[in-house]
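Visitor: Following this line is target-v8.tsv, made up of TSV, C-alpha atoms:
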chain	number	residue	atom	x	y	z
A	822	MET	CA	-7.86	-27.23	-27.83
A	823	ASP	CA	-7.33	-29.48	-30.87
A	824	VAL	CA	-7.48	-33.30	-30.64
A	825	LYS	CA	-5.98	-35.66	-33.21
A	826	LEU	CA	-5.91	-39.45	-33.44
A	827	ILE	CA	-2.42	-40.64	-34.31
A	828	LYS	CA	-0.94	-44.08	-34.88
A	829	ARG	CA	2.35	-45.31	-33.44
A	830	ARG	CA	4.03	-48.48	-34.62
A	831	LEU	CA	5.26	-50.68	-31.77
A	832	LYS	CA	8.23	-53.06	-31.77
A	833	SER	CA	5.76	-55.92	-31.55
A	834	GLY	CA	4.51	-55.03	-35.02
A	835	ARG	CA	1.18	-53.74	-33.77
A	836	ILE	CA	-0.03	-50.12	-33.98
A	837	SER	CA	-0.91	-48.17	-30.85
A	838	LEU	CA	-3.73	-45.60	-31.06
A	839	VAL	CA	-2.95	-42.31	-29.30
A	840	LEU	CA	-4.85	-39.03	-28.87
A	841	GLU	CA	-2.71	-35.93	-29.31
A	842	TYR	CA	-3.92	-32.74	-27.57
A	843	TYR	CA	-2.58	-29.44	-28.94
A	844	MET	CA	-2.50	-26.87	-26.09
A	845	GLY	CA	-0.83	-23.89	-27.77
A	846	TYR	CA	2.88	-23.12	-27.90
A	847	THR	CA	5.84	-21.70	-26.01
A	848	ILE	CA	8.75	-19.52	-27.14
A	849	ASN	CA	12.17	-20.88	-26.21
A	850	GLU	CA	15.19	-18.82	-25.17
A	851	LYS	CA	16.32	-18.52	-28.83
A	852	GLY	CA	12.94	-17.17	-29.95
A	853	GLY	CA	11.80	-20.41	-31.56
A	854	ILE	CA	8.24	-21.69	-31.26
A	855	LYS	CA	7.66	-24.99	-29.45
A	856	PRO	CA	4.15	-26.52	-29.56
A	857	ILE	CA	2.57	-27.61	-26.28
A	858	ARG	CA	1.18	-31.12	-26.67
A	859	ARG	CA	0.10	-33.93	-24.39
A	860	PHE	CA	-0.81	-37.48	-25.30
A	861	GLU	CA	-3.29	-40.11	-24.17
A	862	THR	CA	-2.58	-43.71	-25.15
A	863	LEU	CA	-5.84	-45.56	-25.75
A	864	LYS	CA	-6.45	-49.19	-24.88
A	865	TYR	CA	-7.13	-50.00	-28.54
A	866	PHE	CA	-4.55	-51.28	-31.03
A	867	LEU	CA	-4.39	-52.26	-34.69
A	868	TYR	CA	-2.62	-55.04	-36.56
A	869	ALA	CA	-0.01	-53.39	-38.79
A	870	ASN	CA	-0.45	-55.95	-41.55
A	871	PRO	CA	-3.75	-57.83	-41.08
A	872	THR	CA	-3.56	-61.26	-42.72
A	873	ASN	CA	-7.12	-62.50	-42.33
A	874	LYS	CA	-10.73	-61.42	-42.01
A	875	LYS	CA	-10.67	-61.59	-38.20
A	876	GLU	CA	-7.71	-59.19	-37.94
A	877	ARG	CA	-9.22	-56.80	-40.48
A	878	GLU	CA	-12.51	-56.77	-38.53
A	879	HIS	CA	-10.53	-56.18	-35.32
A	880	ASN	CA	-8.87	-53.14	-36.90
A	881	ARG	CA	-12.19	-51.71	-38.12
A	882	ILE	CA	-13.89	-52.02	-34.72
A	883	ASN	CA	-10.91	-50.66	-32.74
A	884	LEU	CA	-10.50	-47.72	-35.09
A	885	GLU	CA	-14.20	-46.87	-34.72
A	886	MET	CA	-13.90	-47.10	-30.92
A	887	ALA	CA	-10.86	-44.79	-30.95
A	888	GLU	CA	-12.73	-42.26	-33.09
A	889	GLN	CA	-15.61	-42.34	-30.60
A	890	VAL	CA	-13.21	-41.59	-27.74
A	891	LYS	CA	-11.76	-38.70	-29.76
A	892	ALA	CA	-15.25	-37.28	-30.35
A	893	LYS	CA	-16.03	-37.66	-26.65
A	894	ARG	CA	-12.85	-35.77	-25.66
A	895	LEU	CA	-13.70	-32.93	-28.05
A	896	LEU	CA	-17.19	-32.72	-26.59
A	897	GLU	CA	-15.79	-32.73	-23.06
A	898	SER	CA	-13.51	-29.82	-23.90
A	899	GLN	CA	-16.51	-27.83	-25.11
A	900	ASN	CA	-18.63	-28.30	-22.03
A	901	ASN	CA	-17.79	-28.59	-18.36
A	902	SER	CA	-15.74	-31.78	-18.16
A	903	TYR	CA	-12.37	-30.04	-18.42
A	904	GLY	CA	-13.20	-27.47	-15.76
A	905	PHE	CA	-14.75	-24.64	-17.75
A	906	SER	CA	-17.99	-23.00	-16.68
A	907	ASN	CA	-19.28	-22.49	-20.23
A	908	LYS	CA	-18.10	-22.35	-23.83
A	909	LYS	CA	-17.95	-18.55	-23.88
A	910	ASN	CA	-15.52	-18.45	-20.96
A	911	VAL	CA	-13.23	-20.95	-22.68
A	912	CYS	CA	-12.31	-18.20	-25.15
A	913	VAL	CA	-11.23	-15.64	-22.51
A	914	ASN	CA	-7.68	-14.51	-23.35
A	915	LEU	CA	-5.30	-15.40	-20.52
A	916	VAL	CA	-2.86	-12.53	-21.07
A	917	GLU	CA	-5.60	-9.89	-21.28
A	918	TYR	CA	-7.15	-11.29	-18.11
A	919	VAL	CA	-3.80	-11.02	-16.27
A	920	GLU	CA	-3.36	-7.44	-17.54
A	921	LYS	CA	-6.68	-6.48	-15.96
A	922	LEU	CA	-5.64	-8.00	-12.64
A	923	MET	CA	-2.28	-6.24	-12.88
A	924	ASP	CA	-3.95	-2.85	-13.45
A	925	LEU	CA	-5.72	-3.22	-10.11
A	926	ARG	CA	-2.32	-3.10	-8.41
A	927	LYS	CA	-1.02	0.17	-9.87
A	928	GLU	CA	-1.15	1.90	-6.49
A	929	SER	CA	1.54	-0.49	-5.22
A	930	PRO	CA	4.54	-0.02	-7.57
A	931	GLY	CA	6.52	-2.93	-6.13
A	932	ASN	CA	3.66	-5.40	-6.37
A	933	TRP	CA	2.67	-4.09	-9.81
A	934	GLY	CA	6.25	-4.56	-10.98
A	935	ASN	CA	6.24	-8.19	-9.83
A	936	TRP	CA	2.99	-8.83	-11.68
A	937	LYS	CA	4.47	-7.22	-14.79
A	938	GLY	CA	7.48	-9.52	-14.51
A	939	MET	CA	5.25	-12.57	-14.19
A	940	LEU	CA	3.20	-11.49	-17.21
A	941	LYS	CA	6.34	-10.97	-19.30
A	942	HIS	CA	7.45	-14.54	-18.66
A	943	LEU	CA	3.94	-15.90	-19.18
A	944	GLU	CA	3.93	-14.30	-22.64
A	945	MET	CA	7.38	-15.75	-23.35
A	946	TYR	CA	6.09	-19.17	-22.36
A	947	ALA	CA	2.68	-19.21	-24.05
A	948	GLY	CA	2.36	-16.16	-26.34
A	949	ARG	CA	-0.42	-13.57	-26.31
A	950	ASP	CA	-3.06	-15.71	-28.01
A	951	THR	CA	-3.45	-18.24	-25.20
A	952	THR	CA	-7.01	-18.77	-23.97
A	953	PHE	CA	-8.18	-20.50	-20.80
A	954	GLU	CA	-9.10	-23.48	-22.98
A	955	MET	CA	-5.38	-24.25	-23.24
A	956	VAL	CA	-4.71	-23.99	-19.50
A	957	ASP	CA	-4.72	-27.40	-17.85
A	958	LYS	CA	-2.38	-29.10	-15.38
A	959	SER	CA	0.15	-29.80	-18.14
A	960	PHE	CA	0.20	-26.08	-19.02
A	961	VAL	CA	0.74	-25.17	-15.35
A	962	LEU	CA	3.56	-27.69	-14.94
A	963	GLY	CA	5.11	-26.42	-18.17
A	964	PHE	CA	5.10	-22.81	-16.94
A	965	LYS	CA	6.65	-23.94	-13.65
A	966	LYS	CA	9.41	-25.77	-15.54
A	967	TYR	CA	9.95	-22.74	-17.79
A	968	LEU	CA	10.45	-20.43	-14.78
A	969	VAL	CA	12.96	-22.81	-13.21
A	970	SER	CA	14.91	-23.85	-16.30
A	971	LEU	CA	14.47	-21.37	-19.16
A	972	ALA	CA	13.40	-17.96	-17.87
A	973	ARG	CA	16.09	-15.27	-17.88
A	974	THR	CA	16.51	-11.77	-16.49
A	975	LYS	CA	17.26	-8.76	-18.69
A	976	SER	CA	20.96	-9.45	-18.18
A	977	GLY	CA	20.55	-13.05	-19.33
A	978	GLN	CA	20.85	-14.62	-15.87
A	979	PRO	CA	18.53	-17.35	-14.55
A	980	LEU	CA	15.77	-16.13	-12.28
A	981	SER	CA	16.47	-16.29	-8.55
A	982	SER	CA	14.47	-18.88	-6.63
A	983	GLY	CA	12.62	-15.99	-4.99
A	984	SER	CA	11.51	-14.61	-8.35
A	985	GLN	CA	10.58	-18.07	-9.62
A	986	ASN	CA	8.44	-18.69	-6.56
A	987	SER	CA	6.88	-15.22	-6.62
A	988	TYR	CA	5.90	-15.40	-10.30
A	989	PHE	CA	4.48	-18.91	-9.98
A	990	LEU	CA	2.41	-17.98	-6.91
A	991	LYS	CA	1.01	-14.99	-8.80
A	992	PHE	CA	0.05	-17.26	-11.69
A	993	LYS	CA	-1.76	-19.56	-9.24
A	994	THR	CA	-3.52	-16.45	-7.91
A	995	VAL	CA	-4.68	-15.70	-11.47
A	996	LEU	CA	-6.20	-19.17	-11.78
A	997	ASN	CA	-7.89	-18.92	-8.38
A	998	LYS	CA	-9.36	-15.58	-9.42
A	999	ALA	CA	-10.58	-17.18	-12.68
A	1000	VAL	CA	-12.46	-19.73	-10.57
A	1001	GLU	CA	-13.94	-16.91	-8.51
A	1002	ASP	CA	-15.00	-15.10	-11.69
A	1003	GLY	CA	-16.67	-18.21	-13.12
A	1004	ILE	CA	-14.17	-18.79	-15.93
A	1005	LEU	CA	-12.90	-22.05	-14.46
A	1006	LYS	CA	-14.71	-24.55	-12.28
A	1007	VAL	CA	-11.51	-25.74	-10.60
A	1008	SER	CA	-7.98	-24.34	-10.76
A	1009	PRO	CA	-5.70	-26.70	-12.73
A	1010	ALA	CA	-2.90	-25.66	-10.35
A	1011	VAL	CA	-4.66	-26.88	-7.23
A	1012	SER	CA	-2.47	-30.00	-6.92
A	1013	VAL	CA	0.74	-28.42	-8.26
A	1014	LYS	CA	3.29	-27.61	-5.58
A	1015	SER	CA	4.93	-24.21	-5.43
A	1016	ILE	CA	8.54	-23.76	-6.53
A	1017	TYR	CA	11.08	-24.64	-3.85
A	1018	LEU	CA	12.36	-21.44	-2.27
A	1019	GLU	CA	16.07	-21.66	-1.52
A	1020	ASP	CA	17.41	-20.03	1.61
A	1021	VAL	CA	18.95	-16.71	0.60
A	1022	HIS	CA	21.54	-14.72	2.47
A	1023	ARG	CA	20.03	-11.70	4.19
A	1024	GLU	CA	22.56	-8.97	4.70
A	1025	TYR	CA	22.33	-7.00	7.94
A	1026	LEU	CA	24.38	-4.63	10.07
A	1027	THR	CA	25.90	-5.55	13.39
A	1028	PHE	CA	25.23	-3.23	16.32
A	1029	GLU	CA	28.80	-1.89	16.03
A	1030	GLU	CA	28.35	-1.18	12.29
A	1031	LEU	CA	25.10	0.62	12.99
A	1032	GLN	CA	26.89	2.78	15.56
A	1033	GLN	CA	29.48	3.66	12.90
A	1034	LEU	CA	26.74	4.73	10.49
A	1035	VAL	CA	25.20	6.98	13.12
A	1036	LYS	CA	28.56	8.74	13.54
A	1037	THR	CA	29.13	9.10	9.77
A	1038	GLU	CA	27.72	11.87	7.59
A	1039	CYS	CA	25.43	10.98	4.67
A	1040	ARG	CA	24.94	13.07	1.52
A	1041	TYR	CA	21.18	13.13	2.16
A	1042	ALA	CA	20.19	13.76	5.78
A	1043	VAL	CA	16.65	12.46	5.18
A	1044	LEU	CA	18.06	9.17	3.86
A	1045	LYS	CA	20.22	8.75	6.96
A	1046	ASN	CA	17.33	9.51	9.31
A	1047	ALA	CA	14.92	7.18	7.51
A	1048	PHE	CA	17.45	4.34	7.33
A	1049	ILE	CA	18.37	4.53	11.02
A	1050	PHE	CA	14.65	4.79	11.83
A	1051	SER	CA	14.06	1.59	9.89
A	1052	CYS	CA	16.88	-0.15	11.77
A	1053	LEU	CA	15.21	0.82	15.05
A	1054	THR	CA	11.63	-0.04	14.05
A	1055	GLY	CA	11.79	-2.67	11.31
A	1056	MET	CA	9.44	-0.68	9.07
A	1057	ARG	CA	9.71	-1.21	5.31
A	1058	TRP	CA	10.85	1.55	2.95
A	1059	SER	CA	7.41	1.68	1.32
A	1060	ASP	CA	5.72	2.31	4.68
A	1061	ILE	CA	8.31	4.84	5.84
A	1062	TYR	CA	8.07	6.68	2.51
A	1063	LYS	CA	4.32	7.25	2.85
A	1064	LEU	CA	4.28	7.73	6.65
A	1065	THR	CA	2.40	10.89	7.70
A	1066	TRP	CA	2.23	12.62	11.07
A	1067	LYS	CA	-1.43	11.72	11.57
A	1068	GLU	CA	-0.29	8.08	11.72
A	1069	VAL	CA	2.09	8.91	14.60
A	1070	GLN	CA	-0.06	8.90	17.72
A	1071	ARG	CA	0.41	9.13	21.47
A	1072	TYR	CA	-1.30	6.32	23.35
A	1073	ASP	CA	-1.15	5.43	27.02
A	1074	GLY	CA	2.02	7.44	27.61
A	1075	ALA	CA	3.86	6.05	24.61
A	1076	VAL	CA	4.14	6.80	20.88
A	1077	ARG	CA	2.98	4.38	18.26
A	1078	VAL	CA	2.52	4.35	14.50
A	1079	VAL	CA	-0.89	3.23	13.27
A	1080	PHE	CA	-0.69	2.35	9.59
A	1081	ARG	CA	-1.66	-0.12	6.90
A	1082	GLN	CA	1.26	-2.04	5.43
A	1083	LYS	CA	1.58	-1.33	1.74
A	1084	LYS	CA	2.87	-4.82	0.94
A	1085	THR	CA	0.46	-7.01	2.92
A	1086	ARG	CA	-2.39	-4.47	3.36
A	1087	GLY	CA	-2.45	-5.52	7.02
A	1088	PHE	CA	-3.28	-2.90	9.67
A	1089	GLU	CA	-0.46	-2.40	12.19
A	1090	TYR	CA	0.02	-0.78	15.60
A	1091	LEU	CA	3.77	-0.31	16.06
A	1092	TYR	CA	5.23	1.24	19.22
A	1093	ILE	CA	8.22	3.52	18.62
A	1094	ALA	CA	11.28	3.61	20.90
A	1095	ASP	CA	12.43	6.99	22.22
A	1096	GLN	CA	15.68	6.96	20.22
A	1097	ALA	CA	13.75	6.16	17.04
A	1098	LEU	CA	11.61	9.26	17.67
A	1099	GLU	CA	14.73	11.41	17.50
A	1100	TYR	CA	15.22	10.51	13.83
A	1101	MET	CA	11.66	11.56	12.92
A	1102	GLY	CA	12.43	15.22	13.50
A	1103	LYS	CA	10.04	17.98	14.50
A	1104	ARG	CA	6.36	17.07	14.29
A	1105	GLY	CA	4.57	18.56	11.30
A	1106	LYS	CA	0.95	18.88	10.17
A	1107	ALA	CA	-1.26	15.80	10.10
A	1108	GLU	CA	-1.13	15.27	6.32
A	1109	GLU	CA	2.59	16.02	5.98
A	1110	ARG	CA	5.10	13.22	5.46
A	1111	VAL	CA	7.38	12.40	8.38
A	1112	PHE	CA	10.35	12.09	6.01
A	1113	PRO	CA	9.74	14.75	3.33
A	1114	GLY	CA	12.16	14.55	0.42
A	1115	LEU	CA	12.75	10.81	0.80
A	1116	LYS	CA	12.49	9.19	-2.60
A	1117	TYR	CA	13.52	6.11	-4.52
A	1118	SER	CA	16.19	7.00	-7.05
A	1119	VAL	CA	19.56	5.90	-8.38
A	1120	TRP	CA	21.19	8.84	-6.61
A	1121	TYR	CA	19.80	7.82	-3.22
A	1122	ASN	CA	20.93	4.22	-3.76
A	1123	LEU	CA	24.42	5.44	-4.65
A	1124	ALA	CA	24.45	7.72	-1.61
A	1125	LEU	CA	23.53	4.82	0.65
A	1126	GLY	CA	26.49	2.82	-0.66
A	1127	GLU	CA	28.85	5.80	-0.28
A	1128	TRP	CA	27.65	6.38	3.27
A	1129	CYS	CA	28.31	2.74	4.23
A	1130	ARG	CA	31.79	2.77	2.68
A	1131	ALA	CA	32.60	6.02	4.50
A	1132	ALA	CA	31.65	4.24	7.73
A	1133	GLY	CA	34.04	1.40	6.91
A	1134	ILE	CA	31.29	-1.08	5.95
A	1135	SER	CA	32.10	-3.21	2.89
A	1136	LYS	CA	28.83	-5.17	2.83
A	1137	HIS	CA	26.33	-4.62	0.00
A	1138	ILE	CA	23.67	-2.72	1.94
A	1139	THR	CA	20.24	-1.80	0.56
A	1140	PHE	CA	17.50	0.05	2.40
A	1141	HIS	CA	15.74	-3.26	3.10
A	1142	CYS	CA	18.82	-4.41	5.04
A	1143	ALA	CA	17.69	-2.02	7.77
A	1144	ARG	CA	14.67	-4.25	8.35
A	1145	HIS	CA	16.93	-7.31	8.51
A	1146	THR	CA	19.14	-5.45	10.99
A	1147	PHE	CA	16.18	-4.73	13.27
A	1148	ALA	CA	15.07	-8.38	13.23
A	1149	VAL	CA	18.54	-9.77	14.00
A	1150	MET	CA	19.16	-7.20	16.76
A	1151	GLN	CA	15.86	-8.01	18.46
A	1152	LEU	CA	16.45	-11.76	18.41
A	1153	THR	CA	20.07	-11.34	19.52
A	1154	LEU	CA	18.91	-9.23	22.47
A	1155	GLY	CA	16.54	-12.02	23.51
A	1156	THR	CA	13.18	-10.82	22.21
A	1157	GLU	CA	10.88	-13.80	21.78
A	1158	ILE	CA	10.45	-14.77	18.13
A	1159	TYR	CA	6.65	-14.46	18.17
A	1160	THR	CA	6.98	-10.84	19.35
A	1161	VAL	CA	9.56	-10.08	16.64
A	1162	SER	CA	7.20	-11.60	14.08
A	1163	LYS	CA	4.43	-9.23	15.20
A	1164	LEU	CA	6.78	-6.22	15.20
A	1165	LEU	CA	7.75	-7.01	11.61
A	1166	GLY	CA	4.12	-7.50	10.60
A	1167	HIS	CA	4.74	-11.03	9.33
A	1168	ARG	CA	1.66	-13.08	8.64
A	1169	GLU	CA	3.46	-16.38	9.23
A	1170	LEU	CA	6.00	-17.26	11.90
A	1171	LYS	CA	8.09	-19.28	9.42
A	1172	THR	CA	9.02	-16.01	7.68
A	1173	THR	CA	10.58	-14.73	10.91
A	1174	GLN	CA	12.36	-18.04	11.58
A	1175	ILE	CA	14.78	-17.18	8.77
A	1176	TYR	CA	16.26	-14.54	11.08
A	1177	ALA	CA	16.39	-17.01	13.94
A	1178	GLN	CA	18.67	-19.15	11.77
A	1179	ILE	CA	21.04	-16.19	11.43
A	1180	VAL	CA	21.13	-15.75	15.20
A	1181	ASP	CA	21.81	-19.48	15.69
A	1182	GLU	CA	24.73	-19.19	13.28
A	1183	LYS	CA	26.09	-16.25	15.27
A	1184	LYS	CA	25.86	-18.33	18.45
A	1185	ARG	CA	27.82	-21.16	16.81
A	1186	GLU	CA	30.47	-18.70	15.69
A	1187	ALA	CA	30.67	-17.28	19.21
A	1188	VAL	CA	31.35	-20.60	20.96
A	1189	ASN	CA	34.02	-21.47	18.39
A	1190	LYS	CA	35.92	-18.25	19.20
A	1191	ILE	CA	37.13	-19.69	22.53
A	1192	PRO	CA	40.89	-20.36	22.21
A	1193	LYS	CA	42.14	-23.91	22.57
A	1194	LEU	CA	42.87	-24.70	26.20
Would you mind writing the file out in structure tokens?
Guide:
Amino acid sequence: MDVKLIKRRLKSGRISLVLEYYMGYTINEKGGIKPIRRFETLKYFLYANPTNKKEREHNRINLEMAEQVKAKRLLESQNNSYGFSNKKNVCVNLVEYVEKLMDLRKESPGNWGNWKGMLKHLEMYAGRDTTFEMVDKSFVLGFKKYLVSLARTKSGQPLSSGSQNSYFLKFKTVLNKAVEDGILKVSPAVSVKSIYLEDVHREYLTFEELQQLVKTECRYAVLKNAFIFSCLTGMRWSDIYKLTWKEVQRYDGAVRVVFRQKKTRGFEYLYIADQALEYMGKRGKAEERVFPGLKYSVWYNLALGEWCRAAGISKHITFHCARHTFAVMQLTLGTEIYTVSKLLGHRELKTTQIYAQIVDEKKREAVNKIPKL
């Protein structure tokens, strides 16, 4: 961090003394470089045109005092006063540090991809030469503003509120980890609120639409079985993809799946309904996948869309919509929201309440269908 003492002429004719802090730079949407600066106005001032000995002495003393404050700020930035554990840690490269944290998540492609997205935008905002010395609250607020106002997708569209929130939370995770690793004493993001997450429409299938899918042929039988299974259990694609027969266990006269969620790493015990079992097929060896041949590809995504259109469904359906379908069906059938939350493996009830809002909307639509008397 660089500190300069600058002078600003006021309308009153006096000169205000201000410290300018250089915190690095950002790259705007046109590729231009924009310096990151913040300012501290000191309580000292100078006479622009001193006319006597008293005013000249005033200027000399105030200028000396301002220089002392500047020296103090530089010293503070080199020791612990700005939140750094020691001078060596100040020089840790932020981007390289994030890359190391990202590499730890390679076993989870979805999570790794989100970290990669966050890192891409962090580099766009601050460049690759940013060190932790430059990261203060102003830097954090600047990155937040960049995600909301300037960041763009590959197609040139603004980031969705979900992506904005996800990237910013990951950046806060980086700073918390830096505290844990002794790079920072306190996270500069500790008092910065997360990005407001707008309610997004969650597409789902009605029970009648799901019945139509069951009756309709799909190009890939394993895709059909896995999708219907997800609709009946609420399991994510990532967990269904890796599901093995050793995780499917009989317990107390029922069948349950005992697995660790790939997204949250939480351990789950999920009971499986009899009709869901039918879509799992014949039991295989312990280490074999329940849905062999299931894979994530463009062709499978296209096949899912074709299958829905063949069933007369015009909605934009992704595999994750099966999980939404399960949640809405359960709540519509009267399952208590806390139970649905546990079935979905949510860590917080507020996540499940999004589906409750959908059910409430359906109820409002239902009462308005009564013809006028």
Visitor: Which is closest to Val1161 (chain A) among A:Thr1054, A:Gln1032, A:Lys1106, A:Tyr1100, if we use all atoms listed in the file?
Guide: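 Using all atoms listed in the file, the shortest distance to Val1161 (chain A) belongs to A:Thr1054.
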Visitor: Nearest to Ile1061 (chain A): which of A:Gly1105, A:Gly1074, A:Pro1192, A:Gly1114 is it, counting all atoms listed in the file?
Guide: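 Smallest separation from Ile1061 (chain A) among the options: A:Gly1114.
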Visitor: Let me make sure I understand: among A:Trp1128, A:Phe992, A:Tyr842, A:Tyr1041, which one has the smallest atom-to-atom distance to Ser959 (chain A) if we use all atoms listed in the file?
Guide: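 Between A:Trp1128, A:Phe992, A:Tyr842, A:Tyr1041, the residue approaching Ser959 (chain A) most closely is A:Tyr842.
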Visitor: Kindly indicate which residue among A:Ser833, A:Gly1166, A:Arg1130, A:Lys991 lies nearest to Phe1080 (chain A), using all atoms listed in the file for the distances.
Guide: A:Gly1166
Visitor: Looking at A:Leu940, A:Cys1039, A:Leu863, A:Ile857, which one is nearest to Leu1123 (chain A), with distances taken over all atoms listed in the file?
Guide: A:Cys1039
Visitor: Could you tell me which of A:Arg858, A:Arg830, A:Lys1006, A:Lys864 comes closest to Tyr843 (chain A) if we count all atoms listed in the file?
Guide: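 Residue with the minimum atom-to-atom distance to Tyr843 (chain A): A:Arg858.
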Visitor: Write only N, CA, C and O atoms for region 958-974 of chain A from the block just shown, as a short mmCIF file (atom, residue, chain, number, x, y, z; two decimals), in the first residue's frame.
Guide:
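Saved to selection14.cif:
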data_model
loop_
_atom_site.label_atom_id
_atom_site.label_comp_id
_atom_site.auth_asym_id
_atom_site.auth_seq_id
_atom_site.Cartn_x
_atom_site.Cartn_y
_atom_site.Cartn_z
N LYS A 958 -11.43 -3.11 3.79
CA LYS A 958 -12.89 -3.05 3.63
C LYS A 958 -13.27 -2.38 2.32
O LYS A 958 -14.22 -2.79 1.66
N SER A 959 -12.52 -1.35 1.92
CA SER A 959 -12.81 -0.66 0.66
C SER A 959 -12.64 -1.60 -0.52
O SER A 959 -13.42 -1.58 -1.48
N PHE A 960 -11.62 -2.46 -0.47
CA PHE A 960 -11.39 -3.46 -1.53
C PHE A 960 -12.57 -4.42 -1.59
O PHE A 960 -13.07 -4.75 -2.68
N VAL A 961 -13.02 -4.88 -0.42
CA VAL A 961 -14.14 -5.84 -0.35
C VAL A 961 -15.41 -5.20 -0.91
O VAL A 961 -16.13 -5.82 -1.71
N LEU A 962 -15.69 -3.98 -0.50
CA LEU A 962 -16.88 -3.28 -1.00
C LEU A 962 -16.78 -3.05 -2.51
O LEU A 962 -17.79 -3.13 -3.23
N GLY A 963 -15.57 -2.78 -2.98
CA GLY A 963 -15.37 -2.58 -4.41
C GLY A 963 -15.64 -3.85 -5.21
O GLY A 963 -16.25 -3.80 -6.29
N PHE A 964 -15.19 -4.99 -4.70
CA PHE A 964 -15.43 -6.27 -5.38
C PHE A 964 -16.92 -6.59 -5.39
O PHE A 964 -17.47 -7.07 -6.38
N LYS A 965 -17.59 -6.29 -4.28
CA LYS A 965 -19.04 -6.51 -4.20
C LYS A 965 -19.76 -5.67 -5.25
O LYS A 965 -20.63 -6.15 -5.97
N LYS A 966 -19.37 -4.39 -5.37
CA LYS A 966 -19.98 -3.50 -6.35
C LYS A 966 -19.68 -3.96 -7.77
O LYS A 966 -20.54 -3.90 -8.66
N TYR A 967 -18.45 -4.46 -7.99
CA TYR A 967 -18.08 -4.97 -9.31
C TYR A 967 -18.98 -6.14 -9.71
O TYR A 967 -19.47 -6.19 -10.85
N LEU A 968 -19.19 -7.09 -8.80
CA LEU A 968 -20.02 -8.26 -9.10
C LEU A 968 -21.45 -7.85 -9.47
O LEU A 968 -22.06 -8.42 -10.37
N VAL A 969 -21.97 -6.86 -8.76
CA VAL A 969 -23.35 -6.43 -8.97
C VAL A 969 -23.50 -5.59 -10.24
O VAL A 969 -24.45 -5.75 -11.00
N SER A 970 -22.54 -4.70 -10.49
CA SER A 970 -22.71 -3.70 -11.55
C SER A 970 -21.93 -3.95 -12.83
O SER A 970 -22.39 -3.60 -13.92
N LEU A 971 -20.74 -4.53 -12.73
CA LEU A 971 -19.85 -4.61 -13.89
C LEU A 971 -19.61 -6.02 -14.43
O LEU A 971 -19.37 -6.19 -15.62
N ALA A 972 -19.62 -7.00 -13.56
CA ALA A 972 -19.28 -8.37 -13.97
C ALA A 972 -20.24 -8.87 -15.05
O ALA A 972 -21.45 -8.61 -14.99
N ARG A 973 -19.70 -9.62 -16.01
CA ARG A 973 -20.49 -10.16 -17.11
C ARG A 973 -20.19 -11.63 -17.33
O ARG A 973 -19.09 -12.11 -17.04
N THR A 974 -21.16 -12.34 -17.88
CA THR A 974 -20.97 -13.74 -18.25
C THR A 974 -20.23 -13.80 -19.58
O THR A 974 -19.94 -12.77 -20.20
#
